[in-house]
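*Asks:* Dropping a structure here in structure tokens format, bear with me for questions.
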Amino acid sequence: KMFYERFGVAPSAEFSALYKQVVKTLHQTENDILAVREVLNEDEYETGAFYCEFEVFKEIYQLEVRNASRSGQSMYIVLLTVTDEDGNTPEQTVVKNTMNKLLLTVNESLRRGDVYTRFSLSQYLILLQMLTYENAEMVAERIVKRFKAEYPKLKVNLRTAVAPIEVVI
């Protein structure tokens, strides 16, 4: 998040790998499975969709592709892009303000089991488990409508793109 906000770029692959190593923690041997479950449980106060860093999103995506190849479940990705009125990336201060507001809108517009991440300086990426392409498009449209209703004075546009995941067999 700091790289996006301060520098307007994504961290390098090397930095992301280092970050993964830093956040790993060593656990003591635990013989009580219920204690392990408690460590894994989500905090009670977490509401809305599941936000994660891009590298975690990528791993969740890959896991879901594996599951979909076995179950045949349809899944879609949605790309939300913030643009100015001319279709270009807005100034950095506008992007920062808009992306913070869009984060809240996306979080409140999705189901608790949906996953999303910040993909670039001006984009969010969402993973949806849906039955149809039309349903995924409706979710994207709902986010745009809600965002415009909540922030009518922002001089930005939201572009959406929906695509099915590629199931590897």
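Every chain in the structure tokens has a letter given in the order shown (A, B, ...), and although residue numbers restart at 1 in each chain, ligands are simply numbered from 1 in the order shown.
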Find the residues near Leu110 of chain A: any atom within 8 Å, counting only C-alpha atoms, skip ones fewer than 2 places away on the same chain, and give them as an mmCIF file with C-alpha atoms, in the first residue's frame.
*Replies:*
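As written to disk, out.cif reads:
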```cif
data_model
loop_
_atom_site.group_PDB
_atom_site.id
_atom_site.type_symbol
_atom_site.label_atom_id
_atom_site.label_comp_id
_atom_site.auth_asym_id
_atom_site.auth_seq_id
_atom_site.Cartn_x
_atom_site.Cartn_y
_atom_site.Cartn_z
ATOM 1 C CA GLY A 48 -17.421 -7.189 4.308
ATOM 2 C CA ALA A 49 -15.386 -8.839 1.582
ATOM 3 C CA VAL A 106 -16.024 -2.431 -2.857
ATOM 4 C CA ASN A 107 -15.752 -3.906 0.636
ATOM 5 C CA GLU A 108 -19.374 -3.080 1.427
ATOM 6 C CA ARG A 112 -18.045 -11.793 2.807
ATOM 7 C CA ASP A 114 -15.453 -12.551 -2.135
ATOM 8 C CA VAL A 139 -21.908 -6.941 -9.359
#
```
*Asks:* Name the closest residue to Asp84 of chain A among the candidates A:Leu154, A:Leu104, A:Leu40, A:Ile126; distances are taken between atoms, counting only C-alpha atoms.
*Replies:*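 So, comparing all the options, the nearest one is A:Leu154.
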*Asks:* Neighbours of Val115 of chain A within 8 Å (only C-alpha atoms; same-chain residues fewer than 5 positions away dropped), as an MDAnalysis selection string?
*Replies:* chainID A and resid 49:52 57 126:128
*Asks:* Please, could you write that set of residues out with N, CA, C and O atoms as a short mmCIF file (atom, residue, chain, number, x, y, z; two decimals), in the first residue's frame?
*Replies:*
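And here is the file that came out, again_14.cif:
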```cif
data_model
loop_
_atom_site.label_atom_id
_atom_site.label_comp_id
_atom_site.auth_asym_id
_atom_site.auth_seq_id
_atom_site.Cartn_x
_atom_site.Cartn_y
_atom_site.Cartn_z
N ALA A 49 -16.18 -7.93 2.40
CA ALA A 49 -15.39 -8.84 1.58
C ALA A 49 -13.96 -8.96 2.15
O ALA A 49 -13.56 -8.20 3.02
N PHE A 50 -13.22 -9.91 1.61
CA PHE A 50 -11.87 -10.18 2.08
C PHE A 50 -10.86 -9.41 1.23
O PHE A 50 -10.67 -9.70 0.05
N TYR A 51 -10.19 -8.42 1.84
CA TYR A 51 -9.15 -7.66 1.16
C TYR A 51 -7.80 -8.28 1.49
O TYR A 51 -7.53 -8.64 2.64
N CYS A 52 -6.94 -8.41 0.48
CA CYS A 52 -5.60 -8.93 0.73
C CYS A 52 -4.62 -8.29 -0.24
O CYS A 52 -5.01 -7.69 -1.24
N PHE A 57 -3.64 -12.56 -3.03
CA PHE A 57 -4.74 -12.68 -3.99
C PHE A 57 -4.36 -13.67 -5.09
O PHE A 57 -5.16 -14.52 -5.48
N ILE A 126 -11.09 -8.03 -8.42
CA ILE A 126 -12.04 -8.78 -7.60
C ILE A 126 -12.18 -10.19 -8.15
O ILE A 126 -12.26 -10.38 -9.37
N LEU A 127 -12.26 -11.17 -7.27
CA LEU A 127 -12.50 -12.56 -7.65
C LEU A 127 -13.90 -12.92 -7.16
O LEU A 127 -14.20 -12.83 -5.97
N LEU A 128 -14.77 -13.31 -8.11
CA LEU A 128 -16.16 -13.63 -7.79
C LEU A 128 -16.49 -15.07 -8.15
O LEU A 128 -16.11 -15.55 -9.22
#
```
*Asks:* Find the residue from A:Asn135, A:Asn97, A:Ser12, A:Thr81 that sits nearest to Tyr151 of chain A; use only C-alpha atoms when measuring.
*Replies:* A:Asn97
*Asks:* Among chain A, which ones does DSSP place in strand (DSSP E), written as a ChimeraX atom specification?
*Replies:* /A:50-51,75-83,115-120,123-129,157-164
*Asks:* Let me see the file: selected residues, N, CA, C and O atoms, as a compact mmCIF listing (two decimals), in the first residue's frame.
*Replies:*
```
# COMPACT_ATOMS: atom_id res chain seq x y z
N PHE A 50 -13.22 -9.91 1.61
CA PHE A 50 -11.87 -10.18 2.08
C PHE A 50 -10.86 -9.41 1.23
O PHE A 50 -10.67 -9.70 0.05
N TYR A 51 -10.19 -8.42 1.84
CA TYR A 51 -9.15 -7.66 1.16
C TYR A 51 -7.80 -8.28 1.49
O TYR A 51 -7.53 -8.64 2.64
N MET A 75 -16.23 -18.96 -12.25
CA MET A 75 -15.63 -17.88 -11.48
C MET A 75 -15.21 -16.78 -12.45
O MET A 75 -14.86 -17.05 -13.60
N TYR A 76 -15.23 -15.55 -11.93
CA TYR A 76 -14.92 -14.40 -12.76
C TYR A 76 -14.00 -13.45 -12.02
O TYR A 76 -14.04 -13.38 -10.79
N ILE A 77 -13.21 -12.71 -12.79
CA ILE A 77 -12.44 -11.62 -12.22
C ILE A 77 -13.03 -10.33 -12.77
O ILE A 77 -13.49 -10.27 -13.91
N VAL A 78 -13.02 -9.31 -11.92
CA VAL A 78 -13.51 -7.99 -12.28
C VAL A 78 -12.39 -7.00 -12.03
O VAL A 78 -11.78 -7.01 -10.96
N LEU A 79 -12.11 -6.18 -13.02
CA LEU A 79 -11.10 -5.13 -12.89
C LEU A 79 -11.81 -3.79 -12.86
O LEU A 79 -12.55 -3.46 -13.78
N LEU A 80 -11.62 -3.05 -11.78
CA LEU A 80 -12.16 -1.69 -11.64
C LEU A 80 -11.03 -0.71 -11.85
O LEU A 80 -10.01 -0.80 -11.16
N THR A 81 -11.21 0.22 -12.77
CA THR A 81 -10.17 1.20 -13.08
C THR A 81 -10.71 2.60 -12.90
O THR A 81 -11.75 2.95 -13.46
N VAL A 82 -9.98 3.42 -12.14
CA VAL A 82 -10.34 4.81 -11.92
C VAL A 82 -9.68 5.65 -13.02
O VAL A 82 -8.47 5.53 -13.24
N THR A 83 -10.49 6.46 -13.70
CA THR A 83 -9.96 7.36 -14.71
C THR A 83 -10.51 8.77 -14.49
O THR A 83 -11.50 8.94 -13.78
N VAL A 115 -13.17 -12.01 -2.68
CA VAL A 115 -11.80 -11.57 -2.43
C VAL A 115 -11.45 -10.43 -3.40
O VAL A 115 -11.81 -10.48 -4.56
N TYR A 116 -10.74 -9.42 -2.88
CA TYR A 116 -10.31 -8.33 -3.75
C TYR A 116 -8.96 -7.80 -3.29
O TYR A 116 -8.52 -8.03 -2.17
N THR A 117 -8.30 -7.09 -4.22
CA THR A 117 -6.97 -6.57 -3.97
C THR A 117 -6.75 -5.30 -4.78
O THR A 117 -7.46 -5.05 -5.75
N ARG A 118 -5.76 -4.56 -4.39
CA ARG A 118 -5.34 -3.43 -5.22
C ARG A 118 -4.36 -3.96 -6.24
O ARG A 118 -3.36 -4.59 -5.90
N PHE A 119 -4.67 -3.72 -7.51
CA PHE A 119 -3.85 -4.26 -8.59
C PHE A 119 -2.81 -3.28 -9.08
O PHE A 119 -1.71 -3.66 -9.46
N SER A 120 -3.16 -2.00 -9.09
CA SER A 120 -2.23 -0.97 -9.53
C SER A 120 -2.59 0.33 -8.83
O SER A 120 -3.48 0.36 -7.99
N GLN A 123 -6.32 0.78 -9.77
CA GLN A 123 -7.18 -0.36 -10.06
C GLN A 123 -7.34 -1.30 -8.87
O GLN A 123 -6.41 -1.51 -8.10
N TYR A 124 -8.55 -1.88 -8.78
CA TYR A 124 -8.82 -2.99 -7.87
C TYR A 124 -9.21 -4.19 -8.71
O TYR A 124 -9.83 -4.06 -9.77
N LEU A 125 -8.86 -5.36 -8.21
CA LEU A 125 -9.16 -6.63 -8.86
C LEU A 125 -10.00 -7.46 -7.91
O LEU A 125 -9.67 -7.56 -6.72
N ILE A 126 -11.09 -8.03 -8.42
CA ILE A 126 -12.04 -8.78 -7.60
C ILE A 126 -12.18 -10.19 -8.15
O ILE A 126 -12.26 -10.38 -9.37
N LEU A 127 -12.26 -11.17 -7.27
CA LEU A 127 -12.50 -12.56 -7.65
C LEU A 127 -13.90 -12.92 -7.16
O LEU A 127 -14.20 -12.83 -5.97
N LEU A 128 -14.77 -13.31 -8.11
CA LEU A 128 -16.16 -13.63 -7.79
C LEU A 128 -16.49 -15.07 -8.15
O LEU A 128 -16.11 -15.55 -9.22
N GLN A 129 -17.21 -15.73 -7.28
CA GLN A 129 -17.75 -17.05 -7.57
C GLN A 129 -19.19 -16.85 -7.97
O GLN A 129 -20.04 -16.53 -7.14
N ASN A 157 -14.23 8.67 -13.26
CA ASN A 157 -15.06 7.61 -13.83
C ASN A 157 -14.52 6.27 -13.38
O ASN A 157 -13.32 6.14 -13.09
N LEU A 158 -15.39 5.28 -13.33
CA LEU A 158 -14.98 3.91 -13.03
C LEU A 158 -15.25 3.05 -14.25
O LEU A 158 -16.38 2.96 -14.71
N ARG A 159 -14.19 2.46 -14.78
CA ARG A 159 -14.33 1.51 -15.88
C ARG A 159 -14.32 0.12 -15.29
O ARG A 159 -13.58 -0.16 -14.34
N THR A 160 -15.13 -0.76 -15.85
CA THR A 160 -15.14 -2.15 -15.37
C THR A 160 -14.83 -3.08 -16.53
O THR A 160 -15.16 -2.80 -17.68
N ALA A 161 -14.20 -4.19 -16.19
CA ALA A 161 -13.95 -5.27 -17.15
C ALA A 161 -14.18 -6.58 -16.41
O ALA A 161 -13.72 -6.73 -15.27
N VAL A 162 -14.90 -7.49 -17.05
CA VAL A 162 -15.22 -8.79 -16.44
C VAL A 162 -14.71 -9.89 -17.37
O VAL A 162 -14.90 -9.81 -18.58
N ALA A 163 -14.08 -10.91 -16.78
CA ALA A 163 -13.61 -12.04 -17.57
C ALA A 163 -13.73 -13.32 -16.74
O ALA A 163 -13.52 -13.30 -15.53
N PRO A 164 -14.04 -14.43 -17.39
CA PRO A 164 -14.04 -15.71 -16.67
C PRO A 164 -12.61 -16.12 -16.35
O PRO A 164 -11.69 -15.74 -17.07
```
*Asks:* Give the alpha helix (DSSP H) residues of chain A, as assigned by DSSP on the backbone, as a ChimeraX atom specification.
*Replies:* /A:2,13-23,33-40,54-71,92-109,133-150
